file structure09.tsv (TSV, C-alpha atoms and all ligand atoms)
chain	number	residue	atom	x	y	z
A	26	MET	CA	8.18	0.99	19.51
A	27	ALA	CA	9.24	-1.42	16.80
A	28	ARG	CA	7.21	-1.24	13.63
A	29	LEU	CA	5.32	-4.44	12.79
A	30	PRO	CA	6.20	-5.49	9.22
A	31	PHE	CA	3.24	-5.27	6.87
A	32	VAL	CA	2.91	-7.23	3.62
A	33	ALA	CA	-0.07	-6.49	1.38
A	34	GLY	CA	-1.06	-8.18	-1.87
A	35	ASN	CA	-2.64	-6.00	-4.55
A	36	TRP	CA	-4.47	-8.32	-6.93
A	37	LYS	CA	-5.33	-5.44	-9.28
A	38	MET	CA	-7.82	-6.39	-12.02
A	39	ASN	CA	-7.33	-10.13	-11.66
A	40	LYS	CA	-9.38	-13.09	-10.40
A	41	THR	CA	-13.03	-13.97	-10.82
A	42	VAL	CA	-14.90	-14.73	-7.60
A	43	GLY	CA	-14.24	-18.45	-7.96
A	44	GLU	CA	-10.52	-17.91	-8.59
A	45	ALA	CA	-10.28	-15.45	-5.70
A	46	VAL	CA	-11.87	-17.88	-3.26
A	47	GLU	CA	-9.55	-20.63	-4.45
A	48	LEU	CA	-6.48	-18.43	-3.92
A	49	VAL	CA	-7.53	-17.24	-0.49
A	50	LYS	CA	-8.18	-20.80	0.66
A	51	GLN	CA	-4.63	-21.70	-0.33
A	52	LEU	CA	-3.29	-18.59	1.37
A	53	LYS	CA	-5.05	-19.36	4.62
A	54	ALA	CA	-3.41	-22.76	4.65
A	55	SER	CA	0.07	-21.57	3.68
A	56	LEU	CA	0.04	-18.61	6.07
A	57	SER	CA	-1.31	-20.33	9.12
A	58	GLY	CA	0.99	-19.93	12.09
A	59	VAL	CA	2.92	-16.99	10.63
A	60	GLU	CA	3.78	-14.50	13.35
A	61	GLY	CA	5.37	-11.10	13.60
A	62	VAL	CA	4.03	-9.80	10.31
A	63	GLU	CA	0.70	-8.28	9.36
A	64	VAL	CA	-0.87	-9.48	6.10
A	65	ALA	CA	-3.58	-7.90	3.93
A	66	ILE	CA	-4.98	-8.76	0.53
A	67	ALA	CA	-6.73	-6.43	-1.89
A	68	PRO	CA	-8.94	-8.40	-4.30
A	69	PRO	CA	-11.01	-6.62	-6.96
A	70	PHE	CA	-14.29	-5.12	-5.68
A	71	THR	CA	-16.33	-7.98	-7.12
A	72	ALA	CA	-14.52	-10.52	-4.93
A	73	LEU	CA	-14.34	-8.51	-1.68
A	74	ASP	CA	-17.46	-10.06	-0.22
A	75	ALA	CA	-16.52	-13.66	-0.93
A	76	VAL	CA	-12.89	-13.21	0.12
A	77	GLY	CA	-13.96	-11.33	3.26
A	78	ARG	CA	-16.16	-14.25	4.32
A	79	GLU	CA	-13.35	-16.70	3.66
A	80	ILE	CA	-10.82	-14.84	5.85
A	81	GLU	CA	-13.19	-14.23	8.75
A	82	GLY	CA	-11.52	-15.34	11.95
A	83	SER	CA	-8.07	-15.52	10.32
A	84	ALA	CA	-5.23	-13.02	10.70
A	85	ILE	CA	-5.47	-11.91	7.05
A	86	ARG	CA	-6.91	-8.40	6.63
A	87	LEU	CA	-9.15	-7.26	3.81
A	88	ALA	CA	-8.18	-4.25	1.69
A	89	ALA	CA	-9.83	-2.45	-1.22
A	90	GLN	CA	-7.91	-1.05	-4.19
A	91	THR	CA	-9.45	2.43	-4.13
A	92	LEU	CA	-12.61	4.25	-3.03
A	93	PHE	CA	-14.59	7.38	-3.85
A	94	TRP	CA	-14.78	10.37	-1.51
A	95	GLU	CA	-18.57	10.67	-1.28
A	96	GLU	CA	-20.75	8.42	0.85
A	97	LYS	CA	-23.51	7.91	-1.70
A	98	GLY	CA	-25.32	9.43	-4.62
A	99	ALA	CA	-25.15	9.84	-8.38
A	100	PHE	CA	-21.56	8.68	-9.01
A	101	THR	CA	-21.94	5.90	-11.54
A	102	GLY	CA	-19.33	3.21	-11.20
A	103	GLU	CA	-17.83	4.43	-7.92
A	104	ILE	CA	-17.53	2.64	-4.58
A	105	SER	CA	-18.09	4.43	-1.29
A	106	PRO	CA	-16.45	4.05	2.11
A	107	LEU	CA	-19.76	2.83	3.54
A	108	MET	CA	-19.77	-0.04	1.07
A	109	LEU	CA	-16.21	-1.00	1.98
A	110	ASN	CA	-16.99	-0.90	5.69
A	111	ASP	CA	-20.03	-3.03	5.03
A	112	LEU	CA	-17.78	-5.74	3.61
A	113	GLY	CA	-15.31	-5.63	6.48
A	114	CYS	CA	-12.43	-3.85	4.75
A	115	ARG	CA	-9.75	-2.63	7.13
A	116	TYR	CA	-7.39	-1.05	4.59
A	117	VAL	CA	-7.77	0.80	1.32
A	118	ILE	CA	-5.03	1.44	-1.23
A	119	ILE	CA	-5.09	5.08	-2.29
A	120	GLY	CA	-3.22	6.86	-5.07
A	121	HIS	CA	-1.70	3.81	-6.71
A	122	SER	CA	0.39	4.92	-9.69
A	123	GLU	CA	-1.94	3.07	-12.07
A	124	ARG	CA	-4.83	5.17	-10.72
A	125	ARG	CA	-2.73	8.31	-11.09
A	126	GLN	CA	-1.48	7.49	-14.59
A	127	LEU	CA	-4.48	5.78	-16.18
A	128	PHE	CA	-7.44	7.25	-14.30
A	129	GLY	CA	-6.42	10.84	-13.78
A	130	GLU	CA	-5.92	10.88	-10.03
A	131	THR	CA	-4.05	13.87	-8.70
A	132	ASP	CA	-2.55	14.78	-5.33
A	133	GLU	CA	-5.77	16.66	-4.68
A	134	THR	CA	-8.16	13.78	-5.37
A	135	VAL	CA	-5.81	11.42	-3.51
A	136	ASN	CA	-6.08	13.76	-0.52
A	137	LYS	CA	-9.90	13.71	-0.71
A	138	ARG	CA	-9.91	9.93	-0.76
A	139	MET	CA	-7.49	9.80	2.16
A	140	LYS	CA	-9.70	12.10	4.21
A	141	THR	CA	-12.81	10.09	3.46
A	142	ALA	CA	-11.12	6.81	4.30
A	143	LEU	CA	-9.90	8.11	7.65
A	144	ASN	CA	-13.27	9.66	8.48
A	145	HIS	CA	-14.81	6.22	8.02
A	146	GLY	CA	-12.25	4.24	9.95
A	147	LEU	CA	-10.54	2.75	6.89
A	148	LEU	CA	-6.75	2.71	7.06
A	149	PRO	CA	-5.12	4.15	3.91
A	150	ILE	CA	-2.19	2.53	2.15
A	151	PHE	CA	-1.00	5.77	0.59
A	152	CYS	CA	1.04	5.17	-2.58
A	153	ILE	CA	3.71	7.52	-3.87
A	154	GLY	CA	6.59	7.14	-6.30
A	155	GLU	CA	8.45	8.73	-9.18
A	156	THR	CA	8.42	7.77	-12.87
A	157	LEU	CA	11.58	6.77	-14.74
A	158	LYS	CA	11.73	10.17	-16.43
A	159	GLU	CA	11.44	11.97	-13.10
A	160	ARG	CA	14.22	9.83	-11.65
A	161	GLU	CA	16.45	10.42	-14.65
A	162	ASP	CA	15.81	14.15	-14.42
A	163	GLY	CA	16.94	14.10	-10.79
A	164	LYS	CA	13.47	14.90	-9.51
A	165	THR	CA	12.83	11.86	-7.32
A	166	PHE	CA	12.90	13.68	-3.99
A	167	SER	CA	10.94	16.70	-5.17
A	168	VAL	CA	8.21	14.44	-6.60
A	169	ILE	CA	8.04	12.45	-3.37
A	170	GLU	CA	7.89	15.64	-1.36
A	171	ARG	CA	5.07	17.04	-3.50
A	172	GLN	CA	3.08	13.80	-3.28
A	173	LEU	CA	3.51	13.61	0.50
A	174	GLU	CA	2.53	17.23	1.07
A	175	GLY	CA	-0.42	16.99	-1.34
A	176	GLY	CA	-1.78	13.66	-0.18
A	177	LEU	CA	-1.45	14.42	3.52
A	178	LYS	CA	-2.72	18.00	3.38
A	179	GLY	CA	-4.79	18.89	6.42
A	180	PHE	CA	-3.79	15.85	8.47
A	181	GLY	CA	-2.57	16.15	12.04
A	182	GLY	CA	-0.46	13.71	14.00
A	183	LYS	CA	-3.49	11.71	15.07
A	184	GLU	CA	-4.57	10.98	11.50
A	185	ILE	CA	-1.14	10.27	10.09
A	186	GLN	CA	-0.57	7.52	12.64
A	187	LYS	CA	-3.29	5.53	10.89
A	188	VAL	CA	-1.65	5.83	7.47
A	189	VAL	CA	0.70	3.32	5.86
A	190	VAL	CA	2.92	4.86	3.19
A	191	ALA	CA	3.86	2.73	0.17
A	192	TYR	CA	6.87	3.86	-1.85
A	193	GLU	CA	6.44	2.42	-5.33
A	194	PRO	CA	8.82	3.72	-7.98
A	195	VAL	CA	6.68	3.62	-11.12
A	196	TRP	CA	9.57	2.23	-13.18
A	197	ALA	CA	9.71	-0.83	-10.90
A	198	ILE	CA	6.03	-1.76	-11.03
A	199	GLY	CA	5.31	-4.86	-13.07
A	200	THR	CA	8.59	-4.45	-14.94
A	201	GLY	CA	10.76	-6.95	-13.10
A	202	LYS	CA	13.13	-4.05	-12.34
A	203	THR	CA	13.22	-3.80	-8.56
A	204	ALA	CA	14.90	-0.87	-6.92
A	205	THR	CA	18.03	-2.10	-5.19
A	206	PRO	CA	17.72	-2.19	-1.40
A	207	GLN	CA	20.01	0.87	-1.29
A	208	GLN	CA	17.96	2.81	-3.86
A	209	ALA	CA	14.76	2.02	-2.00
A	210	GLU	CA	16.23	2.79	1.43
A	211	GLU	CA	17.47	6.16	0.24
A	212	VAL	CA	13.92	7.21	-0.63
A	213	HIS	CA	12.37	5.56	2.43
A	214	ARG	CA	14.77	7.51	4.62
A	215	TYR	CA	13.85	10.68	2.79
A	216	ILE	CA	10.14	9.95	3.37
A	217	ARG	CA	10.68	9.38	7.07
A	218	GLU	CA	12.69	12.59	7.40
A	219	LYS	CA	9.98	14.50	5.58
A	220	LEU	CA	7.37	13.01	7.96
A	221	GLU	CA	9.55	14.14	10.87
A	222	ARG	CA	9.47	17.68	9.53
A	223	LEU	CA	5.71	17.54	8.91
A	224	TYR	CA	4.89	15.93	12.28
A	225	THR	CA	7.33	14.86	14.98
A	226	ARG	CA	10.25	12.49	15.17
A	227	GLU	CA	8.28	10.18	17.40
A	228	ILE	CA	5.27	10.04	15.09
A	229	ALA	CA	7.44	9.58	11.98
A	230	GLY	CA	9.20	6.73	13.76
A	231	GLU	CA	5.95	4.83	14.10
A	232	ILE	CA	4.69	5.12	10.53
A	233	ARG	CA	5.16	2.04	8.39
A	234	ILE	CA	6.62	2.56	4.94
A	235	GLN	CA	6.17	-0.32	2.51
A	236	TYR	CA	8.20	-0.80	-0.65
A	237	GLY	CA	6.42	-1.87	-3.83
A	238	GLY	CA	7.60	-2.69	-7.35
A	239	SER	CA	8.52	-6.19	-8.55
A	240	VAL	CA	8.90	-7.63	-5.05
A	241	THR	CA	9.61	-11.38	-5.20
A	242	PRO	CA	10.54	-14.12	-2.72
A	243	GLU	CA	14.11	-13.68	-3.97
A	244	ASN	CA	14.52	-9.97	-3.32
A	245	VAL	CA	12.22	-9.37	-0.34
A	246	LYS	CA	14.75	-10.15	2.37
A	247	GLY	CA	17.35	-7.68	1.11
A	248	LEU	CA	14.70	-4.98	1.02
A	249	MET	CA	13.29	-5.80	4.45
A	250	ASN	CA	16.76	-5.69	5.99
A	251	GLN	CA	16.89	-1.95	5.41
A	252	ASP	CA	16.24	0.28	8.42
A	253	ASN	CA	13.34	2.23	6.93
A	254	ILE	CA	11.60	-0.48	4.90
A	255	ASP	CA	8.75	-1.90	6.95
A	256	GLY	CA	6.93	-4.10	4.51
A	257	ALA	CA	5.97	-4.72	0.91
A	258	LEU	CA	3.09	-3.95	-1.40
A	259	VAL	CA	3.10	-6.86	-3.81
A	260	GLY	CA	1.38	-7.02	-7.21
A	261	GLY	CA	2.24	-9.84	-9.59
A	262	ALA	CA	3.75	-12.14	-6.96
A	263	SER	CA	0.60	-11.89	-4.82
A	264	LEU	CA	-1.47	-13.73	-7.43
A	265	LYS	CA	-0.05	-17.11	-6.47
A	266	SER	CA	-0.21	-18.46	-2.95
A	267	GLU	CA	3.22	-20.03	-3.21
A	268	THR	CA	5.10	-16.81	-4.05
A	269	PHE	CA	3.03	-14.55	-1.80
A	270	SER	CA	3.42	-16.77	1.23
A	271	ARG	CA	7.17	-16.99	0.70
A	272	ILE	CA	7.28	-13.19	0.68
A	273	VAL	CA	5.22	-13.03	3.88
A	274	ARG	CA	7.58	-15.57	5.46
A	275	PHE	CA	10.66	-13.52	4.57
A	276	LYS	CA	12.01	-13.83	8.12
A	277	GLU	CA	12.30	-17.59	7.75
A	278	MET	CA	14.56	-17.39	4.72
B	301	LIG	P1	4.29	-5.51	-8.95
B	301	LIG	O1	3.19	-4.42	-8.52
B	301	LIG	O2	4.67	-6.23	-7.68
B	301	LIG	O3	3.58	-6.39	-9.93
B	301	LIG	O4	5.42	-4.76	-9.52
B	301	LIG	C1	3.31	-3.69	-7.33
B	301	LIG	C2	2.17	-2.76	-7.17
B	301	LIG	O5	1.73	-2.16	-8.17
B	301	LIG	O6	1.64	-2.57	-6.05
call {"tool": "encode", "arguments": {"input": "structure09.tsv", "output": "structure tokens", "more": "lines below"}}
Ligand code: PGA
result
Amino acid sequence: MARLPFVAGNWKMNKTVGEAVELVKQLKASLSGVEGVEVAIAPPFTALDAVGREIEGSAIRLAAQTLFWEEKGAFTGEISPLMLNDLGCRYVIIGHSERRQLFGETDETVNKRMKTALNHGLLPIFCIGETLKEREDGKTFSVIERQLEGGLKGFGGKEIQKVVVAYEPVWAIGTGKTATPQQAEEVHRYIREKLERLYTREIAGEIRIQYGGSVTPENVKGLMNQDNIDGALVGGASLKSETFSRIVRFKEM
């Protein structure tokens, strides 16, 4: 079965409610009629409700940027899977490198979040990727392997089919330095082969692997032409409807 390309916009800590609604209105207009690609947007928590209402009935899916692994209780500042379901989220980004680097997430806490998301019917966008130092030290594949094994611990074939993997080399995020299509494909292929070893060839063949890190309308096509690149996780370029919709419409370029 061919994998449906999947483009997701990660708005990070940007946009007030008013700005978010404005952007999503523009996106709805510029993306209407697009076919053969799935689209999701991940606004900040404060705008999920308003954006969710705005995209009701459209093909755009709602995503959250993270979640906590408990359902409720004394966890000041955290957001639970029940709250995300309540707002109509379909996807949740888990283990983004900014969460790992700035907020102390580890493979173990990423795994807990993944489990909770899946138990509540939320589809994880599971982020992995090496830092510049790790790449320069020749550790790219071992880091990716560790992150995959750690994040997916305890998951069988049934669960993994609901997961989207996002390969985001940390040195390419927000830096303007995209991995070349060949550099990205090399790691995507490695990820798929690792998934084959962890599960089966058939299951690994169905899992979508997005690339993320300075994706733009200019470089998206070259990336998407690679055999194992099935979509993009877009940060900076998702903050404007013009650039994001050009990325989503990569097939038309
Ligand atoms: P960027 O961010 O597109 O701004 O590099 C990507 C991401 O962090 O998901």
call {"tool": "closest_residue", "arguments": {"input": "structure09.tsv", "among": "A:Thr134, A:Thr141, A:Ser83, A:Ser263", "to": "ligand LIG 301 (chain B)", "atoms": "only C-alpha atoms and all ligand atoms"}}
result
A:Ser263
call {"tool": "atom_distance", "arguments": {"input": "structure09.tsv", "atom1": "CA of Met278 in chain A", "atom2": "CA of Val76 in chain A"}}
result
28.1 Å
call {"tool": "residues_around", "arguments": {"input": "structure09.tsv", "residues": "range 170-172 of chain A", "least_positions_apart": "6", "cutoff": "10 Å", "atoms": "all atoms listed in the file", "output": "MDAnalysis selection string"}}
result
chainID A and resid 120 131:133 135:136 151:155 164 178 215:216 219:220
call {"tool": "residues_around", "arguments": {"input": "structure09.tsv", "residues": "Arg214 in chain A", "least_positions_apart": "6", "cutoff": "12 Å", "atoms": "all atoms listed in the file", "output": "VMD selection string"}}
result
chain A and resid 166 169 192 206 to 208 220 to 221 229 to 230 232 to 236 251 to 255
call {"tool": "closest_atom_pairs", "arguments": {"input": "structure09.tsv", "of": "chain A", "to": "ligand LIG 301 (chain B)", "cutoff": "6 Å", "atoms": "all atoms listed in the file", "output": "JSON lines"}}
result
{"residue": "A:Asn35", "atom": "CA", "partner": "B:LIG301", "partner_atom": "O6", "distance": 5.7}
{"residue": "A:Ala197", "atom": "CA", "partner": "B:LIG301", "partner_atom": "O4", "distance": 6.0}
{"residue": "A:Ile198", "atom": "CA", "partner": "B:LIG301", "partner_atom": "O4", "distance": 3.4}
{"residue": "A:Gly199", "atom": "CA", "partner": "B:LIG301", "partner_atom": "O4", "distance": 3.6}
{"residue": "A:Gly237", "atom": "CA", "partner": "B:LIG301", "partner_atom": "C1", "distance": 5.0}
{"residue": "A:Gly238", "atom": "CA", "partner": "B:LIG301", "partner_atom": "O4", "distance": 3.7}
{"residue": "A:Ser239", "atom": "CA", "partner": "B:LIG301", "partner_atom": "O4", "distance": 3.5}
{"residue": "A:Val240", "atom": "CA", "partner": "B:LIG301", "partner_atom": "O2", "distance": 5.2}
{"residue": "A:Leu258", "atom": "CA", "partner": "B:LIG301", "partner_atom": "O6", "distance": 5.1}
{"residue": "A:Val259", "atom": "CA", "partner": "B:LIG301", "partner_atom": "O2", "distance": 4.2}
{"residue": "A:Gly260", "atom": "CA", "partner": "B:LIG301", "partner_atom": "O2", "distance": 3.4}
{"residue": "A:Gly261", "atom": "CA", "partner": "B:LIG301", "partner_atom": "O3", "distance": 3.7}
call {"tool": "residues_near_point", "arguments": {"input": "structure09.tsv", "point": "(-8.4, -2.6, 5.5)", "cutoff": "6 Å", "atoms": "all atoms listed in the file", "output": "NGL selection string"}}
result
:A and (87-88 or 114-117 or 147-148)
call {"tool": "write_last_selection", "arguments": {"input": "structure09.tsv", "atoms": "C-alpha atoms", "output": "CSV table (one decimal), in the coordinates of the input"}}
result
chain,number,residue,atom,x,y,z
A,87,LEU,CA,-9.2,-7.3,3.8
A,88,ALA,CA,-8.2,-4.2,1.7
A,114,CYS,CA,-12.4,-3.8,4.8
A,115,ARG,CA,-9.8,-2.6,7.1
A,116,TYR,CA,-7.4,-1.0,4.6
A,117,VAL,CA,-7.8,0.8,1.3
A,147,LEU,CA,-10.5,2.8,6.9
A,148,LEU,CA,-6.8,2.7,7.1
call {"tool": "residues_around", "arguments": {"input": "structure09.tsv", "residues": "Glu184 in chain A", "least_positions_apart": "4", "cutoff": "10 Å", "atoms": "all atoms listed in the file", "output": "list of chain:residue names"}}
result
A:Met139, A:Lys140, A:Leu143, A:Asn144, A:Leu148, A:Leu177, A:Gly179, A:Phe180, A:Val188
call {"tool": "closest_residue", "arguments": {"input": "structure09.tsv", "among": "A:Gly247, A:Gly182, A:Gly176, A:Gly34", "to": "Lys137 in chain A", "atoms": "only C-alpha atoms"}}
result
A:Gly176
call {"tool": "atom_distance", "arguments": {"input": "structure09.tsv", "atom1": "CA of Phe93 in chain A", "atom2": "CA of Ser105 in chain A"}}
result
5.2 Å
call {"tool": "atom_distance", "arguments": {"input": "structure09.tsv", "atom1": "CA of Leu173 in chain A", "atom2": "CA of Asn110 in chain A"}}
result
25.6 Å
call {"tool": "closest_residue", "arguments": {"input": "structure09.tsv", "among": "A:His213, A:Lys97, A:Arg226, A:Lys202", "to": "Val190 in chain A", "atoms": "only C-alpha atoms"}}
result
A:His213
call {"tool": "closest_residue", "arguments": {"input": "structure09.tsv", "among": "A:Asn39, A:Ser55, A:Thr101, A:Thr200", "to": "Ala67 in chain A", "atoms": "only C-alpha atoms"}}
result
A:Asn39
call {"tool": "residues_around", "arguments": {"input": "structure09.tsv", "residues": "Thr156 in chain A", "least_positions_apart": "2", "cutoff": "6 Å", "atoms": "only C-alpha atoms", "output": "list of chain:residue names"}}
result
A:Lys158, A:Glu159, A:Val195, A:Trp196
call {"tool": "closest_residue", "arguments": {"input": "structure09.tsv", "among": "A:Leu107, A:Val273, A:Ala142, A:Val46", "to": "Gly61 in chain A", "atoms": "only C-alpha atoms"}}
result
A:Val273
call {"tool": "closest_residue", "arguments": {"input": "structure09.tsv", "among": "A:Pro106, A:His121, A:Ile80, A:Val32", "to": "Leu52 in chain A", "atoms": "only C-alpha atoms"}}
result
A:Ile80
call {"tool": "residues_around", "arguments": {"input": "structure09.tsv", "residues": "Gln51 in chain A", "least_positions_apart": "3", "cutoff": "9 Å", "atoms": "all atoms listed in the file", "output": "list in words"}}
result
Val46, Glu47, Leu48, Ala54, Ser55, Leu56, Lys265, Ser266 and Glu267 of chain A
call {"tool": "residues_near_point", "arguments": {"input": "structure09.tsv", "point": "(-14.6, -14.6, -4.2)", "cutoff": "6 Å", "atoms": "only C-alpha atoms", "output": "ChimeraX atom specification"}}
result
/A:42-43,45-46,72,75-76
